[in-house]
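Enquirer: Contents of my_file_18.cif (mmCIF, C-alpha atoms) are given next:
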data_entry
#
loop_
_atom_site.label_atom_id
_atom_site.label_comp_id
_atom_site.auth_asym_id
_atom_site.auth_seq_id
_atom_site.Cartn_x
_atom_site.Cartn_y
_atom_site.Cartn_z
CA MET A 1 -14.93 15.35 14.79
CA ALA A 2 -17.45 13.84 17.17
CA LEU A 3 -17.80 10.93 14.73
CA LEU A 4 -14.03 10.42 14.58
CA ASP A 5 -13.80 10.49 18.36
CA ARG A 6 -16.00 7.37 18.44
CA MET A 7 -13.70 5.45 16.11
CA VAL A 8 -11.42 3.02 17.94
CA SER A 9 -10.20 0.62 15.23
CA VAL A 10 -9.44 0.29 11.54
CA GLU A 11 -12.53 -1.93 11.28
CA ASP A 12 -14.63 1.00 12.48
CA PHE A 13 -13.33 3.02 9.55
CA ARG A 14 -13.94 0.11 7.18
CA GLN A 15 -17.58 0.09 8.23
CA LEU A 16 -17.71 3.89 7.85
CA ALA A 17 -16.35 3.55 4.31
CA ARG A 18 -18.96 0.87 3.58
CA ARG A 19 -21.72 3.31 4.60
CA ARG A 20 -20.29 6.39 2.89
CA LEU A 21 -19.18 4.93 -0.43
CA PRO A 22 -21.30 3.50 -3.23
CA LYS A 23 -21.28 -0.29 -3.12
CA SER A 24 -19.23 -0.63 -6.31
CA ILE A 25 -16.55 1.79 -5.04
CA PHE A 26 -16.36 0.13 -1.62
CA GLU A 27 -15.98 -3.29 -3.23
CA PHE A 28 -13.22 -1.94 -5.48
CA VAL A 29 -11.28 -0.84 -2.38
CA ASP A 30 -12.17 -3.76 -0.13
CA GLY A 31 -12.19 -6.66 -2.59
CA GLY A 32 -9.64 -9.06 -4.00
CA ALA A 33 -9.07 -11.39 -6.92
CA GLY A 34 -10.96 -14.53 -7.82
CA GLN A 35 -12.69 -16.23 -4.90
CA GLU A 36 -10.77 -13.93 -2.53
CA LEU A 37 -8.99 -16.88 -0.92
CA THR A 38 -5.73 -14.98 -0.53
CA LEU A 39 -7.58 -11.90 0.67
CA ALA A 40 -9.11 -13.97 3.48
CA ALA A 41 -5.82 -15.75 4.26
CA ASN A 42 -4.04 -12.43 4.74
CA ARG A 43 -6.21 -11.76 7.77
CA ALA A 44 -6.64 -15.32 9.01
CA ASP A 45 -2.90 -16.00 9.08
CA PHE A 46 -2.18 -12.87 11.13
CA GLU A 47 -4.99 -13.77 13.51
CA ARG A 48 -3.73 -17.29 14.24
CA ILE A 49 -0.32 -16.08 15.47
CA ARG A 50 -0.04 -16.08 19.26
CA LEU A 51 2.56 -14.26 21.34
CA ILE A 52 4.31 -15.08 24.60
CA PRO A 53 4.61 -11.83 26.60
CA ARG A 54 7.46 -11.14 29.00
CA VAL A 55 7.04 -9.56 32.42
CA LEU A 56 9.02 -7.46 34.93
CA THR A 57 10.39 -5.36 32.10
CA ASP A 58 10.48 -1.55 32.17
CA VAL A 59 7.99 -0.62 29.45
CA SER A 60 7.36 2.95 30.57
CA ARG A 61 8.86 4.45 27.39
CA PRO A 62 8.03 2.32 24.33
CA ASP A 63 10.31 3.03 21.38
CA LEU A 64 8.69 2.64 17.94
CA SER A 65 11.63 3.99 15.92
CA ILE A 66 13.38 2.06 13.16
CA SER A 67 16.27 2.59 10.77
CA LEU A 68 16.09 1.93 7.01
CA TRP A 69 19.18 2.51 4.85
CA SER A 70 20.74 4.71 7.54
CA GLN A 71 17.59 6.82 7.73
CA ASN A 72 15.98 6.99 11.16
CA LEU A 73 12.18 6.89 11.15
CA PRO A 74 9.99 7.52 14.21
CA THR A 75 7.57 4.68 13.47
CA PRO A 76 7.63 1.24 11.81
CA LEU A 77 4.86 2.21 9.35
CA VAL A 78 4.99 2.93 5.62
CA ILE A 79 2.05 3.81 3.36
CA SER A 80 1.62 1.28 0.56
CA PRO A 81 1.22 2.48 -3.02
CA MET A 82 -2.43 2.73 -4.06
CA GLY A 83 -3.97 3.76 -7.35
CA SER A 84 -7.38 5.36 -7.89
CA CYS A 85 -7.56 6.80 -4.36
CA ALA A 86 -9.57 9.79 -5.62
CA LEU A 87 -12.55 7.47 -6.05
CA VAL A 88 -12.82 7.52 -2.24
CA TRP A 89 -12.13 11.20 -1.54
CA PRO A 90 -10.95 14.11 -3.75
CA GLN A 91 -7.15 14.27 -3.73
CA ALA A 92 -7.06 11.36 -1.30
CA ASP A 93 -3.44 10.69 -2.27
CA ILE A 94 -2.41 14.07 -0.91
CA ALA A 95 -4.62 13.75 2.17
CA ILE A 96 -3.03 10.41 3.06
CA ALA A 97 0.48 11.67 2.34
CA ARG A 98 0.01 14.77 4.51
CA ALA A 99 -1.30 12.76 7.43
CA ALA A 100 1.62 10.35 7.04
CA ALA A 101 4.20 13.16 6.76
CA ALA A 102 2.95 14.72 10.00
CA ARG A 103 3.94 11.46 11.72
CA GLY A 104 7.22 10.88 9.87
CA ILE A 105 5.73 7.98 7.90
CA PRO A 106 6.99 7.50 4.31
CA TYR A 107 4.31 7.74 1.63
CA THR A 108 4.71 5.55 -1.47
CA LEU A 109 3.18 7.14 -4.56
CA SER A 110 1.84 4.66 -7.10
CA THR A 111 2.60 4.84 -10.81
CA MET A 112 -1.19 4.61 -11.20
CA SER A 113 -1.85 7.39 -8.74
CA THR A 114 -4.48 10.00 -9.45
CA THR A 115 -1.92 12.60 -8.32
CA SER A 116 1.20 13.28 -10.38
CA ILE A 117 4.75 12.79 -9.17
CA GLU A 118 5.41 16.51 -9.33
CA ARG A 119 2.16 17.66 -7.70
CA MET A 120 2.67 15.31 -4.77
CA ALA A 121 6.24 16.56 -4.24
CA LYS A 122 4.99 20.16 -4.12
CA ALA A 123 2.08 19.39 -1.79
CA VAL A 124 3.82 17.31 0.88
CA GLN A 125 6.85 17.99 3.04
CA GLY A 126 7.73 14.52 4.24
CA PRO A 127 9.47 11.30 3.17
CA LEU A 128 8.25 10.27 -0.30
CA TRP A 129 8.91 7.00 -2.12
CA PHE A 130 7.88 6.18 -5.69
CA GLN A 131 6.43 2.84 -6.76
CA LEU A 132 7.27 1.82 -10.31
CA TYR A 133 5.17 -0.49 -12.46
CA VAL A 134 7.24 -1.96 -15.29
CA LEU A 135 5.35 -1.06 -18.44
CA LYS A 136 6.05 -2.31 -21.96
CA ASP A 137 7.87 0.85 -22.97
CA LEU A 138 11.05 0.83 -20.89
CA ASP A 139 11.99 4.29 -22.11
CA PHE A 140 8.75 5.59 -20.60
CA VAL A 141 9.52 3.63 -17.41
CA ARG A 142 12.91 5.32 -17.26
CA GLN A 143 11.21 8.72 -17.64
CA LEU A 144 9.02 7.92 -14.62
CA ALA A 145 12.06 7.01 -12.54
CA ARG A 146 13.87 10.16 -13.66
CA ARG A 147 10.87 12.33 -12.77
CA ALA A 148 10.82 10.82 -9.28
CA GLU A 149 14.56 11.34 -8.87
CA GLU A 150 14.36 14.97 -10.01
CA THR A 151 11.62 15.73 -7.47
CA ASP A 152 13.54 14.19 -4.55
CA TYR A 153 11.71 10.91 -3.97
CA SER A 154 14.19 9.06 -1.79
CA THR A 155 13.36 5.42 -2.50
CA LEU A 156 12.25 3.51 -5.60
CA VAL A 157 9.84 0.60 -5.10
CA VAL A 158 9.73 -1.72 -8.13
CA THR A 159 6.61 -3.89 -8.24
CA VAL A 160 7.19 -7.33 -9.77
CA ASP A 161 3.94 -9.22 -9.09
CA LEU A 162 1.82 -7.53 -11.77
CA GLN A 163 2.69 -9.43 -14.93
CA ALA A 164 -1.02 -9.20 -15.75
CA GLY A 165 -4.04 -7.71 -14.06
CA GLY A 166 -5.66 -9.99 -11.50
CA LYS A 167 -9.22 -11.13 -12.22
CA ARG A 168 -11.22 -9.05 -9.77
CA GLU A 169 -14.69 -10.42 -10.23
CA LYS A 170 -16.41 -7.72 -8.19
CA ASP A 171 -14.94 -5.02 -10.41
CA LEU A 172 -16.06 -6.90 -13.50
CA ARG A 173 -19.59 -7.14 -12.16
CA ASN A 174 -19.61 -3.53 -10.96
CA GLY A 175 -18.01 -2.02 -14.06
CA ILE A 176 -15.49 0.09 -12.15
CA SER A 177 -13.08 1.78 -14.54
CA ILE A 178 -10.98 4.91 -14.91
CA PRO A 179 -12.18 7.13 -16.45
CA LEU A 180 -15.48 6.34 -14.74
CA ARG A 181 -18.19 5.36 -17.22
CA PRO A 182 -21.42 5.89 -15.29
CA SER A 183 -24.11 3.29 -15.88
CA PRO A 184 -27.70 3.51 -14.62
CA ARG A 185 -26.56 1.42 -11.65
CA HIS A 186 -23.76 3.86 -10.85
CA LEU A 187 -26.14 6.81 -11.14
CA LEU A 188 -28.51 5.15 -8.68
CA GLU A 189 -25.65 4.44 -6.28
CA GLY A 190 -24.58 8.08 -6.59
CA MET A 191 -28.08 9.29 -5.76
CA LEU A 192 -28.06 7.10 -2.66
CA HIS A 193 -24.69 8.61 -1.62
CA PRO A 194 -25.11 12.34 -2.40
CA GLY A 195 -22.18 13.46 -0.23
CA TRP A 196 -19.78 11.22 -2.16
CA SER A 197 -21.26 12.32 -5.50
CA LEU A 198 -20.89 16.02 -4.72
CA ARG A 199 -17.30 15.56 -3.58
CA LEU A 200 -16.47 13.63 -6.76
CA LEU A 201 -18.04 16.28 -9.00
CA ARG A 202 -16.25 19.11 -7.22
CA GLY A 203 -12.92 17.31 -7.30
CA GLY A 204 -13.26 16.24 -10.92
CA LEU A 205 -13.25 12.75 -12.40
CA PRO A 206 -9.93 11.06 -11.53
CA GLN A 207 -7.31 10.28 -14.14
CA PHE A 208 -4.03 8.34 -14.00
CA GLU A 209 -1.89 11.48 -13.89
CA ASN A 210 1.55 9.85 -14.21
CA VAL A 211 0.73 7.88 -17.34
CA ARG A 212 -1.58 10.40 -19.01
CA GLY A 213 -1.57 9.61 -22.72
CA TYR A 214 0.31 6.32 -22.30
CA LEU A 215 -2.48 3.82 -21.68
CA GLY A 216 -4.00 4.34 -25.09
CA ASP A 217 -7.69 4.14 -25.92
CA THR A 218 -9.90 5.14 -22.99
CA SER A 219 -13.22 4.26 -24.58
CA ALA A 220 -13.27 0.50 -24.00
CA GLY A 221 -14.59 0.68 -20.43
CA LEU A 222 -12.01 -1.81 -19.16
CA THR A 223 -11.77 -2.38 -15.44
CA ILE A 224 -8.83 -0.64 -13.82
CA ALA A 225 -6.95 -3.93 -13.36
CA ALA A 226 -7.52 -4.96 -16.97
CA ARG A 227 -6.53 -1.59 -18.40
CA VAL A 228 -3.32 -1.45 -16.40
CA GLY A 229 -2.61 -5.11 -17.08
CA ALA A 230 -2.83 -4.61 -20.84
CA ASN A 231 0.11 -2.19 -20.65
CA LEU A 232 2.42 -4.17 -18.36
CA HIS A 233 5.71 -5.72 -19.46
CA ALA A 234 4.85 -9.40 -19.07
CA GLY A 235 8.35 -10.35 -20.22
CA PHE A 236 10.09 -8.36 -17.48
CA GLY A 237 13.16 -10.36 -16.45
CA TRP A 238 16.46 -10.21 -14.60
CA GLU A 239 18.32 -8.16 -17.21
CA ASP A 240 15.52 -5.60 -17.21
CA PHE A 241 15.71 -5.41 -13.43
CA ARG A 242 19.45 -4.80 -13.56
CA ARG A 243 18.85 -1.93 -16.00
CA ILE A 244 16.46 -0.30 -13.54
CA ARG A 245 18.98 -0.85 -10.77
CA ASP A 246 21.54 1.02 -12.86
CA TRP A 247 19.12 3.93 -13.40
CA TRP A 248 18.34 4.52 -9.73
CA LYS A 249 21.12 5.70 -7.44
CA GLY A 250 19.21 5.64 -4.13
CA PRO A 251 17.67 2.76 -2.16
CA LEU A 252 15.70 0.35 -4.35
CA VAL A 253 13.10 -2.01 -2.89
CA VAL A 254 11.41 -4.83 -4.79
CA LYS A 255 7.72 -5.27 -3.97
CA GLY A 256 5.59 -8.35 -4.56
CA VAL A 257 8.04 -11.06 -3.49
CA LEU A 258 6.80 -14.26 -1.81
CA HIS A 259 9.51 -16.82 -2.70
CA ALA A 260 12.70 -16.95 -0.64
CA GLY A 261 14.81 -17.88 -3.66
CA ASP A 262 13.51 -14.88 -5.61
CA ALA A 263 14.27 -12.61 -2.66
CA ALA A 264 17.86 -13.85 -2.44
CA GLY A 265 18.33 -13.50 -6.20
CA LEU A 266 17.03 -9.94 -6.19
CA VAL A 267 19.37 -8.91 -3.39
CA ALA A 268 22.26 -10.48 -5.31
CA ALA A 269 21.16 -8.45 -8.36
CA GLY A 270 21.30 -5.20 -6.40
CA ALA A 271 18.04 -4.78 -4.49
CA ASP A 272 18.50 -2.89 -1.23
CA GLY A 273 15.37 -4.35 0.35
CA ILE A 274 12.51 -6.77 -0.21
CA TRP A 275 8.83 -5.90 0.18
CA VAL A 276 6.92 -9.09 0.94
CA SER A 277 3.47 -8.70 -0.59
CA ASN A 278 0.73 -10.53 -2.45
CA HIS A 279 -0.76 -7.21 -3.60
CA GLY A 280 -3.38 -7.32 -0.87
CA GLY A 281 -4.93 -10.45 -2.35
CA ARG A 282 -5.69 -8.57 -5.58
CA GLN A 283 -3.47 -10.55 -7.95
CA LEU A 284 -2.89 -14.33 -7.80
CA ASP A 285 -5.74 -15.87 -5.86
CA SER A 286 -4.55 -18.84 -3.74
CA ALA A 287 -1.13 -17.21 -3.28
CA ILE A 288 0.43 -17.67 0.13
CA SER A 289 -0.27 -14.92 2.66
CA SER A 290 2.51 -12.38 3.13
CA ILE A 291 2.90 -13.15 6.83
CA ASP A 292 3.32 -16.87 6.09
CA ALA A 293 5.92 -16.14 3.39
CA LEU A 294 7.91 -13.78 5.59
CA PRO A 295 9.92 -16.15 7.88
CA ALA A 296 11.46 -18.13 5.00
CA ILE A 297 12.48 -14.92 3.24
CA ARG A 298 14.09 -13.57 6.41
CA HIS A 299 15.96 -16.85 6.82
CA ALA A 300 17.20 -16.68 3.21
CA LEU A 301 18.37 -13.06 3.49
CA GLY A 302 19.90 -13.14 6.95
CA PRO A 303 19.50 -10.43 9.58
CA ASP A 304 20.79 -7.35 7.76
CA ILE A 305 18.67 -6.86 4.60
CA PRO A 306 15.60 -4.65 5.24
CA ILE A 307 12.30 -6.44 4.70
CA LEU A 308 8.93 -4.72 4.54
CA ILE A 309 5.55 -6.42 4.51
CA ASP A 310 1.99 -5.54 3.53
CA SER A 311 -1.30 -7.35 2.84
CA GLY A 312 -3.73 -7.84 5.68
CA ILE A 313 -2.37 -5.41 8.30
CA ARG A 314 -5.25 -3.92 10.26
CA THR A 315 -4.01 -3.56 13.86
CA GLY A 316 -0.96 -2.54 15.81
CA MET A 317 -0.60 -6.13 16.95
CA ASP A 318 -0.28 -7.18 13.29
CA VAL A 319 2.70 -4.84 13.01
CA ILE A 320 4.29 -6.40 16.10
CA LYS A 321 3.66 -9.90 14.73
CA ALA A 322 5.24 -8.87 11.43
CA ARG A 323 8.34 -7.67 13.25
CA ALA A 324 8.56 -10.89 15.24
CA SER A 325 8.30 -12.82 11.96
CA GLY A 326 11.19 -10.94 10.39
CA ALA A 327 9.96 -7.62 8.96
CA CYS A 328 11.65 -4.29 9.68
CA ALA A 329 8.56 -2.24 8.83
CA ALA A 330 4.91 -2.77 7.94
CA ALA A 331 3.02 -1.03 5.16
CA VAL A 332 -0.67 -0.18 5.23
CA GLY A 333 -2.86 0.58 2.24
CA ARG A 334 -6.53 -0.20 2.67
CA ALA A 335 -6.46 0.90 6.31
CA ALA A 336 -5.38 4.41 5.29
CA LEU A 337 -7.86 4.49 2.41
CA PHE A 338 -10.73 3.51 4.70
CA GLY A 339 -9.72 6.50 6.82
CA ALA A 340 -9.77 8.70 3.73
CA SER A 341 -13.53 8.20 3.51
CA ALA A 342 -13.54 10.88 6.26
CA GLY A 343 -10.87 13.04 4.61
CA GLU A 344 -7.41 13.84 5.93
CA ALA A 345 -8.68 13.89 9.53
CA GLY A 346 -9.90 10.32 9.07
CA VAL A 347 -6.51 9.18 7.79
CA ALA A 348 -4.79 10.88 10.72
CA LYS A 349 -7.10 9.08 13.13
CA VAL A 350 -6.39 5.70 11.52
CA LEU A 351 -2.63 6.22 11.75
CA ASP A 352 -2.89 7.36 15.36
CA ILE A 353 -4.98 4.30 16.24
CA LEU A 354 -2.33 2.02 14.72
CA LEU A 355 0.56 3.82 16.44
CA GLU A 356 -1.22 3.79 19.80
CA ASP A 357 -1.96 0.07 19.34
CA ILE A 358 1.71 -0.64 18.61
CA ALA A 359 2.89 1.31 21.67
CA ASN A 360 0.35 -0.38 23.92
CA GLY A 361 1.17 -3.79 22.44
CA LEU A 362 4.87 -3.28 23.15
CA LYS A 363 4.04 -2.56 26.77
CA LEU A 364 1.75 -5.54 27.21
CA ALA A 365 4.19 -7.88 25.45
CA GLY A 366 7.01 -6.72 27.71
CA THR A 367 9.11 -5.71 24.70
CA PRO A 368 9.49 -1.91 24.84
CA VAL A 369 11.85 -1.46 21.85
CA PHE A 370 10.20 -2.33 18.55
CA ARG A 371 13.40 -2.96 16.59
CA GLU A 372 14.61 -5.45 19.23
CA ILE A 373 11.59 -7.75 18.84
CA GLY A 374 12.59 -11.21 17.67
CA PRO A 375 10.99 -14.58 16.83
CA ASP A 376 11.09 -15.64 20.49
CA LEU A 377 7.99 -13.47 21.02
CA ILE A 378 5.92 -15.90 18.92
CA ALA A 379 4.43 -18.92 20.65
#
Could you rewrite the structure in this file as structure tokens?

Expert:
Amino acid sequence: MALLDRMVSVEDFRQLARRRLPKSIFEFVDGGAGQELTLAANRADFERIRLIPRVLTDVSRPDLSISLWSQNLPTPLVISPMGSCALVWPQADIAIARAAAARGIPYTLSTMSTTSIERMAKAVQGPLWFQLYVLKDLDFVRQLARRAEETDYSTLVVTVDLQAGGKREKDLRNGISIPLRPSPRHLLEGMLHPGWSLRLLRGGLPQFENVRGYLGDTSAGLTIAARVGANLHAGFGWEDFRRIRDWWKGPLVVKGVLHAGDAAGLVAAGADGIWVSNHGGRQLDSAISSIDALPAIRHALGPDIPILIDSGIRTGMDVIKARASGACAAAVGRAALFGASAGEAGVAKVLDILLEDIANGLKLAGTPVFREIGPDLIA
């Protein structure tokens, strides 16, 4: 706890994760596709935005609450879907979800989670969403959606930017796969990080619980991106999307949208919200940053359609900038996973840092109500 008390930013937790995790595992979490151009742009484009604060405004009681599909939430944060979290900390999915639930923050469980749909629903009393990858077998995809519906996940998040696995060069060099296939290099890294190794052995080697038995041969040693990519429905189109829309009766959000025309078409086809994302820079390298894509999508959709954003969010000010650019809520992935390198308490600290940053930013910007922030805040 003394260590956590010294942490004041998400970057502090990133550096903690760098020290605590084997190099290959840290680079799996921290890295992106190709030359990592989009990964870098995600941060750079947030950082270049400047705000014009207002003064002589009563900011004594900042209000972080938002409303999504008639559901009131106490904060503008959502947890992004992440696979393979157990490589960082045993049952990291559950640790992150519990910390989020304690703050009223929705947790989005990935199809490629190392915790099953059912086990997560039993372990966490809080808002749960399910993220759906569209695999080749649409009957299996429908089973996943039905399992989520039967265990009371409120919102379905359909990811559409994973037609193939991005070329993550660091993973290729490091040989990171699930199941883990330890090489002499990995064994050496494990010896240099005994705490991580012991936790991994006690927790058991992670598996993709929701697709157990679906991904086929596990002996090839494919990287995680390549193994998932080999099973994706590369021909997924508009008619397929409409079928999924018919399956799911609750709110449906489409994740991985960067083009305003696509966003408008998806809403016309039945999407209840758009999640602007470039997959954290882990898919198409040289794709536009999410924050740069956001204003055009908001313009195309008008003021009423909920828009979420992820990719590059590391501070409370990023969340405020996202709102000013047109988002209703901001989703964090890596930030929470960096926190998980210190267990559930680390995740809780990361989320509290972000929420405190947002509240303080609202005060200093002279805009005490988060949901009332508009584009006039941007210089």

Enquirer: A:Leu232, A:Met1, A:Ala329, A:Leu364: which is nearest Gly343 in chain A, counting only C-alpha atoms?

Expert: A:Met1

Enquirer: Please indicate the distance in Å from CA of Ser80 in chain A to CA of Thr38 in chain A, rounded to one decimal place.

Expert: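 Between CA of Ser80 in chain A and CA of Thr38 in chain A the gap is 17.9 Å.
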
Enquirer: Could you check how far CA of Ala123 in chain A sits from CA of Ile94 in chain A, in Å to one decimal?

Expert: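 Interatomic distance, CA of Ala123 in chain A to CA of Ile94 in chain A: 7.0 Å.
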
Enquirer: In Å to one decimal, how far is CA of Ile244 in chain A from CA of Asp139 in chain A?

Expert: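 Going from CA of Asp139 in chain A over to CA of Ile244 in chain A covers 10.7 Å.
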
Enquirer: Expand the PyMOL selection byres ((chain A and resi 297-314) around 7) into the individual residues it matches in the shown file, reporting them as a compact mmCIF listing (two decimals) with C-alpha atoms, in the frame of the given file.

Expert:
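Result file is out_35.txt:
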# COMPACT_ATOMS: atom_id res chain seq x y z
CA VAL A 10 -9.44 0.29 11.54
CA ASN A 42 -4.04 -12.43 4.74
CA ARG A 43 -6.21 -11.76 7.77
CA LEU A 68 16.09 1.93 7.01
CA HIS A 259 9.51 -16.82 -2.70
CA ALA A 260 12.70 -16.95 -0.64
CA ALA A 263 14.27 -12.61 -2.66
CA ALA A 264 17.86 -13.85 -2.44
CA GLY A 273 15.37 -4.35 0.35
CA ILE A 274 12.51 -6.77 -0.21
CA TRP A 275 8.83 -5.90 0.18
CA VAL A 276 6.92 -9.09 0.94
CA SER A 277 3.47 -8.70 -0.59
CA ASN A 278 0.73 -10.53 -2.45
CA HIS A 279 -0.76 -7.21 -3.60
CA GLY A 280 -3.38 -7.32 -0.87
CA SER A 290 2.51 -12.38 3.13
CA ALA A 293 5.92 -16.14 3.39
CA LEU A 294 7.91 -13.78 5.59
CA PRO A 295 9.92 -16.15 7.88
CA ALA A 296 11.46 -18.13 5.00
CA THR A 315 -4.01 -3.56 13.86
CA ASP A 318 -0.28 -7.18 13.29
CA VAL A 319 2.70 -4.84 13.01
CA GLY A 326 11.19 -10.94 10.39
CA ALA A 327 9.96 -7.62 8.96
CA CYS A 328 11.65 -4.29 9.68
CA ALA A 329 8.56 -2.24 8.83
CA ALA A 330 4.91 -2.77 7.94
CA ALA A 331 3.02 -1.03 5.16
CA VAL A 332 -0.67 -0.18 5.23
CA ALA A 335 -6.46 0.90 6.31

Enquirer: For this file, the PyMOL selection byres ((chain A and resi 156) around 6) selects which residues, as a PyMOL selection string?

Expert: chain A and resi 129-131+155+157+252

Enquirer: Suppose we keep C-alpha atoms; can you now write the selection as a short mmCIF file (atom, residue, chain, number, x, y, z; two decimals), in the frame of the given file?

Expert:
data_model
loop_
_atom_site.label_atom_id
_atom_site.label_comp_id
_atom_site.auth_asym_id
_atom_site.auth_seq_id
_atom_site.Cartn_x
_atom_site.Cartn_y
_atom_site.Cartn_z
CA TRP A 129 8.91 7.00 -2.12
CA PHE A 130 7.88 6.18 -5.69
CA GLN A 131 6.43 2.84 -6.76
CA THR A 155 13.36 5.42 -2.50
CA VAL A 157 9.84 0.60 -5.10
CA LEU A 252 15.70 0.35 -4.35
#

Enquirer: Taking into account all atoms listed in the file, which residue in the set A:Ile105, A:Ile358, A:Ala345, A:Cys85 is nearest to Leu205 in chain A?

Expert: A:Cys85

Enquirer: Can you patch up range 261-282 of chain A, filling it in to N, CA and C atoms, and show the result as an mmCIF file, keeping the file's coordinate frame?

Expert:
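Result file is rebuild22.cif:
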data_model
loop_
_atom_site.group_PDB
_atom_site.id
_atom_site.type_symbol
_atom_site.label_atom_id
_atom_site.label_comp_id
_atom_site.auth_asym_id
_atom_site.auth_seq_id
_atom_site.Cartn_x
_atom_site.Cartn_y
_atom_site.Cartn_z
ATOM 1 N N GLY A 261 13.776 -17.844 -2.636
ATOM 2 C CA GLY A 261 14.810 -17.880 -3.660
ATOM 3 C C GLY A 261 14.799 -16.623 -4.525
ATOM 4 N N ASP A 262 13.605 -16.127 -4.857
ATOM 5 C CA ASP A 262 13.510 -14.880 -5.610
ATOM 6 C C ASP A 262 14.088 -13.720 -4.799
ATOM 7 N N ALA A 263 13.768 -13.686 -3.517
ATOM 8 C CA ALA A 263 14.270 -12.610 -2.660
ATOM 9 C C ALA A 263 15.792 -12.601 -2.642
ATOM 10 N N ALA A 264 16.401 -13.768 -2.470
ATOM 11 C CA ALA A 264 17.860 -13.850 -2.440
ATOM 12 C C ALA A 264 18.461 -13.439 -3.778
ATOM 13 N N GLY A 265 17.837 -13.864 -4.878
ATOM 14 C CA GLY A 265 18.330 -13.500 -6.200
ATOM 15 C C GLY A 265 18.244 -12.005 -6.452
ATOM 16 N N LEU A 266 17.193 -11.377 -5.993
ATOM 17 C CA LEU A 266 17.030 -9.940 -6.190
ATOM 18 C C LEU A 266 18.061 -9.147 -5.396
ATOM 19 N N VAL A 267 18.328 -9.584 -4.181
ATOM 20 C CA VAL A 267 19.370 -8.910 -3.390
ATOM 21 C C VAL A 267 20.727 -9.079 -4.075
ATOM 22 N N ALA A 268 21.005 -10.257 -4.597
ATOM 23 C CA ALA A 268 22.260 -10.480 -5.310
ATOM 24 C C ALA A 268 22.353 -9.595 -6.558
ATOM 25 N N ALA A 269 21.190 -9.275 -7.153
ATOM 26 C CA ALA A 269 21.160 -8.450 -8.360
ATOM 27 C C ALA A 269 21.149 -6.953 -8.037
ATOM 28 N N GLY A 270 21.169 -6.603 -6.753
ATOM 29 C CA GLY A 270 21.300 -5.200 -6.400
ATOM 30 C C GLY A 270 20.167 -4.580 -5.618
ATOM 31 N N ALA A 271 19.125 -5.334 -5.291
ATOM 32 C CA ALA A 271 18.040 -4.780 -4.490
ATOM 33 C C ALA A 271 18.544 -4.438 -3.087
ATOM 34 N N ASP A 272 18.116 -3.300 -2.580
ATOM 35 C CA ASP A 272 18.500 -2.890 -1.230
ATOM 36 C C ASP A 272 17.518 -3.361 -0.169
ATOM 37 N N GLY A 273 16.369 -3.849 -0.582
ATOM 38 C CA GLY A 273 15.370 -4.350 0.350
ATOM 39 C C GLY A 273 14.313 -5.126 -0.392
ATOM 40 N N ILE A 274 13.572 -5.934 0.347
ATOM 41 C CA ILE A 274 12.510 -6.770 -0.210
ATOM 42 C C ILE A 274 11.196 -6.398 0.472
ATOM 43 N N TRP A 275 10.162 -6.226 -0.325
ATOM 44 C CA TRP A 275 8.830 -5.900 0.180
ATOM 45 C C TRP A 275 7.956 -7.130 -0.041
ATOM 46 N N VAL A 276 7.721 -7.874 1.021
ATOM 47 C CA VAL A 276 6.920 -9.090 0.940
ATOM 48 C C VAL A 276 5.457 -8.699 0.802
ATOM 49 N N SER A 277 4.830 -9.143 -0.295
ATOM 50 C CA SER A 277 3.470 -8.700 -0.590
ATOM 51 C C SER A 277 2.813 -9.627 -1.582
ATOM 52 N N ASN A 278 1.521 -9.860 -1.413
ATOM 53 C CA ASN A 278 0.730 -10.530 -2.450
ATOM 54 C C ASN A 278 -0.287 -9.552 -3.050
ATOM 55 N N HIS A 279 0.060 -8.263 -3.004
ATOM 56 C CA HIS A 279 -0.760 -7.210 -3.600
ATOM 57 C C HIS A 279 -2.128 -7.123 -2.912
ATOM 58 N N GLY A 280 -2.128 -7.410 -1.614
ATOM 59 C CA GLY A 280 -3.380 -7.320 -0.870
ATOM 60 C C GLY A 280 -4.421 -8.325 -1.301
ATOM 61 N N GLY A 281 -3.971 -9.460 -1.873
ATOM 62 C CA GLY A 281 -4.930 -10.450 -2.350
ATOM 63 C C GLY A 281 -5.618 -10.063 -3.637
ATOM 64 N N ARG A 282 -5.045 -9.092 -4.375
ATOM 65 C CA ARG A 282 -5.690 -8.570 -5.580
ATOM 66 C C ARG A 282 -5.067 -9.100 -6.865
#
